[in-house]
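The structure file run33.cif is reproduced below (mmCIF, C-alpha atoms).
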```
data_work
loop_
_atom_site.label_atom_id
_atom_site.label_comp_id
_atom_site.auth_asym_id
_atom_site.auth_seq_id
_atom_site.Cartn_x
_atom_site.Cartn_y
_atom_site.Cartn_z
CA MET A 1 75.73 101.08 90.93
CA GLY A 2 73.98 103.27 93.44
CA ILE A 3 74.86 100.88 96.22
CA VAL A 4 78.48 100.92 95.22
CA GLU A 5 78.54 104.74 95.23
CA THR A 6 76.82 104.93 98.59
CA ASN A 7 79.28 102.46 100.05
CA GLY A 8 82.13 104.46 98.60
CA VAL A 9 80.88 107.69 100.16
CA ASP A 10 80.45 105.96 103.54
CA TYR A 11 83.91 104.49 103.26
CA ARG A 12 85.45 107.84 102.49
CA ARG A 13 83.56 109.47 105.34
CA ARG A 14 84.77 106.78 107.71
CA CYS A 15 88.32 107.27 106.49
CA TRP A 16 88.12 110.99 107.15
CA TRP A 17 86.72 110.42 110.61
CA LEU A 18 89.42 107.88 111.32
CA MET A 19 92.06 110.34 110.20
CA VAL A 20 90.58 113.07 112.41
CA VAL A 21 90.51 110.72 115.39
CA VAL A 22 94.10 109.60 114.79
CA ILE A 23 95.28 113.21 114.56
CA ALA A 24 93.37 114.08 117.74
CA VAL A 25 94.92 111.15 119.57
CA LEU A 26 98.39 112.12 118.34
CA TYR A 27 97.79 115.71 119.45
CA CYS A 28 96.64 114.62 122.92
CA PHE A 29 99.61 112.28 123.19
CA ALA A 30 102.01 115.04 122.23
CA MET A 31 100.40 117.46 124.67
CA LEU A 32 100.60 114.92 127.46
CA SER A 33 104.22 114.23 126.63
CA ALA A 34 104.98 117.92 126.58
CA GLN A 35 103.23 118.59 129.84
CA SER A 36 104.15 115.49 131.74
CA ALA A 37 104.18 116.02 135.48
CA GLU A 38 106.94 118.34 136.61
CA VAL A 39 108.70 118.13 139.91
CA PHE A 40 110.65 120.66 141.86
CA TRP A 41 113.98 119.02 142.51
CA GLY A 42 116.85 120.17 144.61
CA CYS A 43 119.99 118.97 146.30
CA MET A 44 122.45 120.15 148.87
CA ILE A 45 126.11 119.64 148.08
CA TYR A 46 129.11 120.06 150.32
CA ALA A 47 131.96 121.47 148.27
CA SER A 48 135.49 121.21 149.60
CA ASN A 49 139.03 120.44 148.62
CA ALA A 50 139.60 117.80 151.23
CA GLY A 51 136.40 115.82 151.31
CA GLN A 52 136.38 112.05 151.13
CA CYS A 53 133.53 111.59 148.74
CA ASN A 54 133.01 113.00 145.30
CA SER A 55 129.50 112.35 144.16
CA LEU A 56 127.11 114.47 142.21
CA PRO A 57 123.52 113.48 141.61
CA GLN A 58 122.56 112.05 138.25
CA ARG A 59 120.75 115.23 137.27
CA LEU A 60 124.02 117.16 137.53
CA SER A 61 126.15 114.74 135.60
CA GLY A 62 128.57 116.61 133.41
CA TYR A 63 128.73 119.64 135.71
CA ASP A 64 131.80 118.53 137.71
CA ALA A 65 134.35 120.54 135.83
CA ARG A 66 132.23 123.64 135.55
CA MET A 67 131.39 123.51 139.24
CA SER A 68 135.04 123.14 140.13
CA SER A 69 135.85 126.14 138.03
CA ALA A 70 132.96 128.24 139.27
CA PHE A 71 133.18 127.45 142.98
CA GLY A 72 136.88 126.80 143.35
CA TYR A 73 136.49 123.39 144.98
CA SER A 74 137.54 120.03 143.68
CA ARG A 75 135.34 117.72 145.74
CA PHE A 76 131.58 117.74 145.73
CA CYS A 77 129.69 115.56 148.13
CA LEU A 78 125.96 115.10 147.86
CA VAL A 79 124.48 115.63 151.30
CA ALA A 80 120.77 115.56 150.57
CA GLN A 81 118.51 115.34 147.58
CA ARG A 82 114.81 116.15 147.58
CA GLN A 83 112.01 116.45 145.09
CA THR A 84 108.36 117.24 145.32
CA PRO A 85 105.55 117.38 142.76
CA ILE A 86 104.62 120.85 141.68
CA GLU A 87 101.08 121.79 142.53
CA ALA A 88 99.47 124.84 141.04
CA GLN A 89 98.92 127.78 143.38
CA LYS A 90 100.68 126.02 146.21
CA GLU A 91 104.03 126.58 147.89
CA VAL A 92 106.35 123.64 147.98
CA ASP A 93 109.36 123.19 150.27
CA LEU A 94 112.59 121.36 149.82
CA VAL A 95 113.95 120.87 153.30
CA PHE A 96 117.58 119.84 153.19
CA SER A 97 118.41 120.06 156.86
CA ASP A 98 117.09 121.51 160.07
CA ASN A 99 118.83 124.68 159.12
CA LEU A 100 118.39 125.05 155.38
CA LYS A 101 115.45 124.92 153.06
CA ILE A 102 114.22 126.32 149.78
CA ILE A 103 110.61 127.31 149.30
CA LEU A 104 109.14 127.51 145.81
CA THR A 105 106.60 130.24 146.42
CA SER A 106 105.24 130.38 142.88
CA LEU A 107 105.66 128.83 139.48
CA ALA A 108 104.07 130.00 136.27
CA GLY A 109 104.49 128.47 132.84
CA ALA A 110 105.35 130.84 130.01
CA SER A 111 104.22 130.43 126.42
CA ASP A 112 107.77 129.63 125.29
CA GLY A 113 107.90 126.54 127.49
CA LYS A 114 109.91 128.27 130.23
CA TYR A 115 108.87 128.78 133.83
CA LEU A 116 108.81 131.85 135.96
CA ILE A 117 109.67 130.85 139.50
CA ARG A 118 110.00 132.60 142.84
CA LEU A 119 112.22 131.08 145.45
CA LEU A 120 112.86 131.79 149.07
CA PHE A 121 116.10 130.70 150.67
CA VAL A 122 115.61 130.07 154.37
CA GLN A 123 118.37 129.59 156.92
CA GLY A 124 117.15 128.55 160.35
CA GLU A 125 113.80 130.22 160.69
CA GLN A 126 114.77 133.34 158.81
CA PRO A 127 114.07 133.92 155.12
CA VAL A 128 117.37 135.17 153.85
CA MET A 129 116.95 135.77 150.18
CA GLU A 130 114.14 135.95 147.71
CA THR A 131 114.69 135.53 144.01
CA GLN A 132 112.73 135.49 140.83
CA ALA A 133 114.02 133.57 137.84
CA ARG A 134 113.07 132.37 134.42
CA VAL A 135 114.14 128.80 133.90
CA SER A 136 113.66 126.00 131.47
CA ARG A 137 113.03 122.44 132.42
CA ASP A 138 116.11 120.54 133.60
CA SER A 139 118.17 123.70 133.92
CA PRO A 140 119.78 123.78 137.35
CA LEU A 141 120.06 127.02 139.27
CA PHE A 142 122.99 127.08 141.68
CA ILE A 143 122.97 128.92 145.00
CA ARG A 144 126.21 129.32 146.86
CA GLY A 145 125.21 129.04 150.48
CA PRO A 146 126.92 129.29 153.84
CA ASN A 147 130.36 128.01 154.72
CA TRP A 148 130.56 124.71 156.53
CA ARG A 149 133.60 123.00 157.96
CA ASP A 150 136.39 123.35 155.40
CA GLY A 151 134.17 124.09 152.49
CA GLN A 152 130.86 125.48 151.41
CA ILE A 153 127.26 124.46 151.01
CA ILE A 154 125.82 124.65 147.52
CA ILE A 155 122.12 124.34 146.88
CA VAL A 156 120.95 123.38 143.39
CA VAL A 157 117.33 123.55 142.32
CA MET A 158 115.55 122.85 139.07
CA VAL A 159 112.20 122.16 137.54
CA ALA A 160 112.50 118.63 136.28
CA ALA A 161 110.36 116.14 134.46
CA MET B 1 45.24 52.54 99.18
CA ARG B 2 46.95 55.51 97.47
CA PRO B 3 45.63 59.00 98.24
CA PHE B 4 43.51 60.89 95.72
CA GLU B 5 46.24 63.32 94.61
CA GLU B 6 48.59 60.51 93.75
CA ARG B 7 46.00 58.61 91.79
CA PHE B 8 44.82 61.75 90.05
CA THR B 9 48.36 62.65 88.96
CA ALA B 10 48.97 59.11 87.75
CA TRP B 11 45.64 59.16 85.84
CA LEU B 12 46.49 62.48 84.20
CA ASP B 13 49.86 61.15 83.13
CA GLY B 14 48.27 57.91 81.85
CA GLU B 15 50.15 55.78 84.28
CA LEU B 16 47.11 53.94 85.65
CA ASP B 17 46.29 50.65 84.00
CA ALA B 18 42.91 50.30 82.35
CA GLU B 19 41.16 48.69 85.29
CA GLU B 20 42.47 51.26 87.76
CA ALA B 21 41.53 54.09 85.40
CA ARG B 22 38.02 52.82 85.04
CA ALA B 23 37.64 52.45 88.80
CA PHE B 24 39.05 55.96 89.32
CA LEU B 25 36.64 57.53 86.81
CA LYS B 26 33.76 55.69 88.33
CA GLU B 27 34.73 56.94 91.73
CA TYR B 28 35.46 60.55 90.64
CA PRO B 29 33.48 61.35 87.47
CA SER B 30 34.18 65.11 87.74
CA VAL B 31 37.89 64.65 87.02
CA LEU B 32 37.19 64.52 83.30
CA GLU B 33 36.41 68.24 83.32
CA GLU B 34 39.55 68.95 85.30
CA LYS B 35 41.58 66.94 82.83
CA ALA B 36 40.19 68.99 79.96
CA GLU B 37 41.14 72.22 81.73
CA PHE B 38 44.55 70.87 82.55
CA LEU B 39 45.21 69.96 78.94
CA LYS B 40 44.04 73.41 77.80
CA LEU B 41 46.40 75.08 80.28
CA LYS B 42 49.23 72.86 79.24
CA GLN B 43 48.71 73.79 75.64
CA LEU B 44 48.69 77.49 76.46
CA LEU B 45 51.86 77.24 78.48
CA ARG B 46 53.61 75.34 75.73
CA GLN B 47 52.68 78.05 73.27
CA GLY B 48 53.65 80.93 75.55
CA LEU B 49 57.00 79.56 76.75
CA GLU B 50 58.44 78.64 73.41
CA SER B 51 62.08 79.81 73.28
CA ARG B 52 62.59 82.74 70.99
CA VAL B 53 65.64 83.19 68.91
CA LEU B 54 67.30 86.57 69.43
CA GLU B 55 67.38 88.70 66.36
CA ASN B 56 70.73 90.39 67.24
CA PRO B 57 72.55 88.15 69.71
CA ASP B 58 75.91 89.92 69.32
CA PHE B 59 74.44 93.33 70.09
CA PHE B 60 72.62 91.90 73.12
CA ASN B 61 75.80 90.30 74.44
CA ALA B 62 77.76 93.49 73.87
CA GLN B 63 75.16 95.47 75.81
CA ILE B 64 75.38 93.07 78.76
CA MET B 65 79.16 93.15 78.79
CA ALA B 66 79.15 96.94 78.67
CA GLN B 67 76.77 97.06 81.63
CA ILE B 68 78.97 94.67 83.62
CA GLY B 69 81.99 96.77 82.80
CA ARG B 70 80.28 99.97 83.98
CA GLU B 71 79.28 98.40 87.30
CA SER B 72 82.70 97.01 88.02
CA VAL B 73 84.58 100.28 87.39
CA PRO B 74 83.58 102.15 90.61
CA ARG B 75 84.58 99.22 92.79
CA ARG B 76 87.94 98.94 91.16
CA SER B 77 88.52 102.68 91.36
CA LEU B 78 87.40 102.71 94.98
CA ARG B 79 89.96 100.11 95.90
CA ARG B 80 92.65 101.74 93.88
CA GLY B 81 91.63 105.13 95.23
CA TRP B 82 91.78 104.35 98.91
CA LEU B 83 93.71 101.17 99.29
CA GLY B 84 96.13 101.45 96.43
CA LEU B 85 99.83 101.53 97.16
CA PRO B 86 100.42 105.16 96.12
CA ARG B 87 97.65 106.43 98.37
CA ILE B 88 98.90 104.40 101.30
CA ALA B 89 102.40 105.70 100.69
CA TRP B 90 101.13 109.29 100.58
CA ALA B 91 99.08 108.68 103.73
CA GLY B 92 102.21 107.36 105.47
CA ILE B 93 104.24 110.37 104.39
CA GLY B 94 101.45 112.67 105.54
CA ALA B 95 101.15 110.99 108.94
CA LEU B 96 104.91 111.13 109.39
CA SER B 97 104.98 114.81 108.49
CA ILE B 98 102.21 115.56 110.95
CA GLY B 99 104.04 113.60 113.65
CA VAL B 100 107.31 115.44 113.02
CA ALA B 101 105.53 118.80 112.92
CA MET B 102 103.77 118.07 116.21
CA PHE B 103 107.01 116.90 117.79
CA VAL B 104 108.79 120.07 116.74
CA ALA B 105 105.91 122.38 117.65
CA LEU B 106 104.72 120.89 120.90
CA ILE B 107 107.58 119.16 122.62
CA PRO B 108 110.20 121.51 123.99
CA HIS B 109 113.69 120.39 123.10
CA GLY B 110 117.07 121.75 122.27
CA ASP B 111 119.97 120.57 120.27
CA LEU B 112 119.85 116.80 120.61
CA SER B 113 123.60 116.49 120.24
CA ASP B 114 124.12 118.57 123.37
CA PRO B 115 121.77 117.88 126.27
CA ARG B 116 122.68 121.18 127.94
CA SER B 117 122.03 123.35 124.91
CA GLY B 118 118.55 124.23 126.16
CA TYR B 119 119.87 125.63 129.41
CA VAL B 120 117.92 128.66 130.57
CA ALA B 121 118.21 130.05 134.09
CA ASP B 122 117.91 133.81 134.07
CA VAL B 123 117.76 135.41 137.47
CA LEU B 124 115.46 138.37 137.13
CA LYS B 125 115.56 139.71 140.63
CA THR B 126 117.14 138.92 143.98
CA LYS B 127 116.41 140.50 147.29
CA THR B 128 117.87 139.82 150.70
CA ARG B 129 116.02 140.48 153.93
CA ASP B 130 119.11 141.03 156.00
CA PRO B 131 121.14 144.12 155.07
CA ASN B 132 124.32 142.28 156.04
CA VAL B 133 123.63 139.58 153.51
CA LYS B 134 124.36 140.26 149.87
CA ALA B 135 123.28 138.26 146.84
CA THR B 136 124.97 138.53 143.47
CA VAL B 137 124.29 136.68 140.27
CA ASP B 138 127.04 135.06 138.25
CA ASN B 139 125.94 134.06 134.77
CA GLN B 140 128.23 131.53 133.19
CA LYS B 141 127.76 129.30 130.20
CA ASP B 142 125.09 126.76 131.07
CA MET B 143 125.40 127.69 134.70
CA THR B 144 123.79 130.45 136.69
CA ILE B 145 124.94 130.94 140.26
CA ILE B 146 123.43 133.09 142.98
CA LYS B 147 126.19 133.83 145.42
CA ILE B 148 124.99 134.70 148.88
CA GLU B 149 127.58 136.40 151.01
CA GLY B 150 127.39 137.27 154.66
CA LEU B 151 125.53 134.16 155.74
CA GLN B 152 126.15 132.71 159.15
CA LYS B 153 128.62 129.86 159.02
CA LEU B 154 127.00 126.58 159.88
CA PRO B 155 128.34 124.90 163.01
CA ALA B 156 130.99 122.38 162.04
CA GLU B 157 129.87 119.79 164.56
CA LYS B 158 126.35 119.78 163.21
CA GLU B 159 125.44 117.02 160.78
CA LEU B 160 123.51 118.49 157.88
CA ASN B 161 121.67 115.47 156.60
CA HIS B 162 118.06 115.83 157.66
#
```

Could you quickly redo this structure as structure tokens?
Amino acid sequence: MGIVETNGVDYRRRCWWLMVVVIAVLYCFAMLSAQSAEVFWGCMIYASNAGQCNSLPQRLSGYDARMSSAFGYSRFCLVAQRQTPIEAQKEVDLVFSDNLKIILTSLAGASDGKYLIRLLFVQGEQPVMETQARVSRDSPLFIRGPNWRDGQIIIVVMVAA
Amino acid sequence: MRPFEERFTAWLDGELDAEEARAFLKEYPSVLEEKAEFLKLKQLLRQGLESRVLENPDFFNAQIMAQIGRESVPRRSLRRGWLGLPRIAWAGIGALSIGVAMFVALIPHGDLSDPRSGYVADVLKTKTRDPNVKATVDNQKDMTIIKIEGLQKLPAEKELNH
């Protein structure tokens, strides 16, 4: 009788420990999923009405119509696409051409899952514009850049998984 | 020639024939005393180990069965308690609830029917270095645009791909 009770207590204790371990593992898994490595992604698009190609990157699928409406162009040609891992306390660059680049000068995570970012738009060697924005993951921020040929350069950046 | 122990046992049990018994006694006269002690011990054992008839056999059996029943109850309840179907079902429901709660609480997501429903891109501040360059923010649905005006036009002959 005593042996049976002792075994029962041990069994229950083991069950509780197992449950705690399972919950801890689930929590860690969820945290890892939630904070999987982010990248700073960007692309340079040539927007025109006479271009030959019409290709948007996968990350901007579904934006064709809205971009046409917002920028007034019907053709969007992907010129360059870059991404770089985000490292804490470190600037990261997305260099699209000799003449254009975006520098992510800082990124801070907010408690609501959003990010506070600071960007620097550089044309040639000159920093042209600095901006601070609050973004969520996979939300593209569009920058209408300089004119080129018969159209315009559009830079799109986002924090992506 | 058989060893002493074998002959002694056979003599005690009366299995030696008369000639062998006489020869054995002649050879080992002290065994007579041992035989007497052995017979005395045998008698005592026979008296002491006589089977006794229980006075209340039904009561005795009932007591034993009750004891067996008491000992088997915790095991059965333990199995039913922790491995029974209802408990497993409740454990499954609990684990599922915890999983759903953790998914909702920890993993950022929006409306699953619309992948763009979680769009957030709020421009808080823009500043241009060149006074001739102007930056304005155009907030549209699921689309935030910073429009930079006054930038130098890129040379048409230049290929942009880096």

Would you mind listing, for every residue of chain B within 6 Å of chain A, the two atoms forming the shortest contact and the distance between them in Å to one decimal, using only C-alpha atoms, sorted by chain and ascending residue number, as a tab-separated table?
```
residue	atom	partner	partner_atom	distance
B:Glu71	CA	A:Met1	CA	5.7
B:Ile107	CA	A:Ala34	CA	4.9
B:Tyr119	CA	A:Ser139	CA	5.2
B:Val120	CA	A:Val135	CA	5.0
B:Ala121	CA	A:Val135	CA	4.3
B:Asp122	CA	A:Arg134	CA	5.1
B:Val123	CA	A:Ala133	CA	4.2
B:Leu124	CA	A:Ala133	CA	5.1
B:Lys125	CA	A:Gln132	CA	5.1
B:Thr126	CA	A:Thr131	CA	4.2
B:Lys127	CA	A:Glu130	CA	5.1
B:Thr128	CA	A:Met129	CA	4.2
B:Arg129	CA	A:Val128	CA	5.5
B:Thr144	CA	A:Leu141	CA	5.7
B:Ile145	CA	A:Phe142	CA	4.6
B:Ile146	CA	A:Ile143	CA	4.7
B:Lys147	CA	A:Arg144	CA	4.7
B:Ile148	CA	A:Arg144	CA	5.9
B:Leu151	CA	A:Pro146	CA	5.4
B:Lys153	CA	A:Asn147	CA	5.0
B:Leu154	CA	A:Trp148	CA	5.2
B:Ala156	CA	A:Arg149	CA	4.9
B:Leu160	CA	A:Ser97	CA	5.4
B:Asn161	CA	A:Ser97	CA	5.6
B:His162	CA	A:Ser97	CA	4.3
```

Keeping only C-alpha atoms, write the selected residues to a file as a compact mmCIF listing (two decimals), in the frame of the given file.
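Saved as result-v3.txt:
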```txt
# COMPACT_ATOMS: atom_id res chain seq x y z
CA GLU B 71 79.28 98.40 87.30
CA ILE B 107 107.58 119.16 122.62
CA TYR B 119 119.87 125.63 129.41
CA VAL B 120 117.92 128.66 130.57
CA ALA B 121 118.21 130.05 134.09
CA ASP B 122 117.91 133.81 134.07
CA VAL B 123 117.76 135.41 137.47
CA LEU B 124 115.46 138.37 137.13
CA LYS B 125 115.56 139.71 140.63
CA THR B 126 117.14 138.92 143.98
CA LYS B 127 116.41 140.50 147.29
CA THR B 128 117.87 139.82 150.70
CA ARG B 129 116.02 140.48 153.93
CA THR B 144 123.79 130.45 136.69
CA ILE B 145 124.94 130.94 140.26
CA ILE B 146 123.43 133.09 142.98
CA LYS B 147 126.19 133.83 145.42
CA ILE B 148 124.99 134.70 148.88
CA LEU B 151 125.53 134.16 155.74
CA LYS B 153 128.62 129.86 159.02
CA LEU B 154 127.00 126.58 159.88
CA ALA B 156 130.99 122.38 162.04
CA LEU B 160 123.51 118.49 157.88
CA ASN B 161 121.67 115.47 156.60
CA HIS B 162 118.06 115.83 157.66
```

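Computed from the coordinates, the atom CA of Phe4 of chain B to atom CA of Ala36 of chain B distance equals 18.0 Å.
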
So the first atom is atom CA of Ala105 of chain B and the second is atom CA of Ala108 of chain A; what is the distance between them in Å, to one decimal place?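 Straight-line distance from atom CA of Ala105 of chain B to atom CA of Ala108 of chain A works out to 20.2 Å.
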
Choose the residue, out of A:Val25, A:Ala37, A:Val159, A:Ala50, that has the smallest atom-to-atom separation from Leu104 of chain A; count all atoms listed in the file. A:Val159

Counting all atoms listed in the file, which residue out of A:Gln89, A:Arg75, A:Val21, A:Phe40 sits closest to Gln52 of chain A?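 Of A:Gln89, A:Arg75, A:Val21, A:Phe40, the one nearest Gln52 of chain A, counting all atoms listed in the file, is A:Arg75.
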
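Here atom CA of Lys141 of chain B stands at a distance of 22.0 Å from atom CA of Ser55 of chain A.
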
Nearby residues, (138.1, 120.0, 149.4) file frame, 7 Å, all atoms listed in the file, as a list in words: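 Residues with an atom at most 7 Å from (138.1, 120.0, 149.4): Ala47, Ser48, Asn49, Ala50, Gly51, Tyr73, Ser74, Arg75 and Gly151 of chain A.
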
Selection result of the PyMOL selection byres ((chain A and resi 82) around 6) on this file, as a ChimeraX atom specification: /A:41-42,81,83

Counting all atoms listed in the file, the residue of B:Gly118, B:Gly69, B:Pro131, B:Gly94 that sits nearest Met143 of chain B: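 Distance minimum relative to Met143 of chain B lands on B:Gly118.
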
Evaluate the PyMOL selection byres ((chain B and resi 7) around 12) and report residues as a PyMOL selection string: chain B and resi 1-6+8-17+20-25+27-28+31

From the set B:Asn61, B:Glu149, B:Gly99, B:Gln43, which residue has the shortest atom-to-atom contact distance to Val137 of chain B, counting only C-alpha atoms?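 Among the listed residues, B:Glu149 lies closest to Val137 of chain B.
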
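Residues captured in this structure file are Ile86, Glu87, Ala88, Gln89, Lys90, Val92, Asp93, Ile103, Leu104, Thr105, Ser106, Leu107, Arg118 and Leu119 of chain A, according to the PyMOL selection byres ((chain A and resi 91) around 10).
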
Quick one: write out the picked residues with C-alpha atoms as a compact mmCIF listing (two decimals), in the coordinates of the input?
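Resulting contents of result26.txt:
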```
# COMPACT_ATOMS: atom_id res chain seq x y z
CA ILE A 86 104.62 120.85 141.68
CA GLU A 87 101.08 121.79 142.53
CA ALA A 88 99.47 124.84 141.04
CA GLN A 89 98.92 127.78 143.38
CA LYS A 90 100.68 126.02 146.21
CA VAL A 92 106.35 123.64 147.98
CA ASP A 93 109.36 123.19 150.27
CA ILE A 103 110.61 127.31 149.30
CA LEU A 104 109.14 127.51 145.81
CA THR A 105 106.60 130.24 146.42
CA SER A 106 105.24 130.38 142.88
CA LEU A 107 105.66 128.83 139.48
CA ARG A 118 110.00 132.60 142.84
CA LEU A 119 112.22 131.08 145.45
```

Would you kindly place N, CA and C atoms on segment 13-27 of chain A and return the model as a PDB file, in the coordinates of the input?
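After the write, rebuild_7.pdb holds the following:
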```
ATOM      1  N   ARG A  13      83.903 108.728 104.114  1.00  0.00           N
ATOM      2  CA  ARG A  13      83.560 109.470 105.340  1.00  0.00           C
ATOM      3  C   ARG A  13      84.216 108.824 106.557  1.00  0.00           C
ATOM      4  N   ARG A  14      84.146 107.490 106.587  1.00  0.00           N
ATOM      5  CA  ARG A  14      84.770 106.780 107.710  1.00  0.00           C
ATOM      6  C   ARG A  14      86.275 107.022 107.746  1.00  0.00           C
ATOM      7  N   CYS A  15      86.872 107.024 106.540  1.00  0.00           N
ATOM      8  CA  CYS A  15      88.320 107.270 106.490  1.00  0.00           C
ATOM      9  C   CYS A  15      88.668 108.641 107.038  1.00  0.00           C
ATOM     10  N   TRP A  16      87.855 109.640 106.647  1.00  0.00           N
ATOM     11  CA  TRP A  16      88.120 110.990 107.150  1.00  0.00           C
ATOM     12  C   TRP A  16      87.978 111.055 108.656  1.00  0.00           C
ATOM     13  N   TRP A  17      86.921 110.415 109.151  1.00  0.00           N
ATOM     14  CA  TRP A  17      86.720 110.420 110.610  1.00  0.00           C
ATOM     15  C   TRP A  17      87.875 109.730 111.312  1.00  0.00           C
ATOM     16  N   LEU A  18      88.315 108.621 110.733  1.00  0.00           N
ATOM     17  CA  LEU A  18      89.420 107.880 111.320  1.00  0.00           C
ATOM     18  C   LEU A  18      90.671 108.747 111.357  1.00  0.00           C
ATOM     19  N   MET A  19      90.887 109.474 110.260  1.00  0.00           N
ATOM     20  CA  MET A  19      92.060 110.340 110.200  1.00  0.00           C
ATOM     21  C   MET A  19      91.976 111.436 111.267  1.00  0.00           C
ATOM     22  N   VAL A  20      90.766 112.014 111.402  1.00  0.00           N
ATOM     23  CA  VAL A  20      90.580 113.070 112.410  1.00  0.00           C
ATOM     24  C   VAL A  20      90.849 112.513 113.806  1.00  0.00           C
ATOM     25  N   VAL A  21      90.326 111.321 114.062  1.00  0.00           N
ATOM     26  CA  VAL A  21      90.510 110.720 115.390  1.00  0.00           C
ATOM     27  C   VAL A  21      91.992 110.436 115.639  1.00  0.00           C
ATOM     28  N   VAL A  22      92.669 109.909 114.625  1.00  0.00           N
ATOM     29  CA  VAL A  22      94.100 109.600 114.790  1.00  0.00           C
ATOM     30  C   VAL A  22      94.889 110.880 115.079  1.00  0.00           C
ATOM     31  N   ILE A  23      94.567 111.942 114.331  1.00  0.00           N
ATOM     32  CA  ILE A  23      95.280 113.210 114.560  1.00  0.00           C
ATOM     33  C   ILE A  23      94.991 113.736 115.962  1.00  0.00           C
ATOM     34  N   ALA A  24      93.717 113.623 116.394  1.00  0.00           N
ATOM     35  CA  ALA A  24      93.370 114.080 117.740  1.00  0.00           C
ATOM     36  C   ALA A  24      94.123 113.292 118.803  1.00  0.00           C
ATOM     37  N   VAL A  25      94.192 111.998 118.603  1.00  0.00           N
ATOM     38  CA  VAL A  25      94.920 111.150 119.570  1.00  0.00           C
ATOM     39  C   VAL A  25      96.400 111.520 119.596  1.00  0.00           C
ATOM     40  N   LEU A  26      96.977 111.722 118.400  1.00  0.00           N
ATOM     41  CA  LEU A  26      98.390 112.120 118.340  1.00  0.00           C
ATOM     42  C   LEU A  26      98.605 113.453 119.047  1.00  0.00           C
ATOM     43  N   TYR A  27      97.678 114.392 118.827  1.00  0.00           N
ATOM     44  CA  TYR A  27      97.790 115.710 119.450  1.00  0.00           C
ATOM     45  C   TYR A  27      97.748 115.586 120.973  1.00  0.00           C
TER      46      TYR A  27
END
```
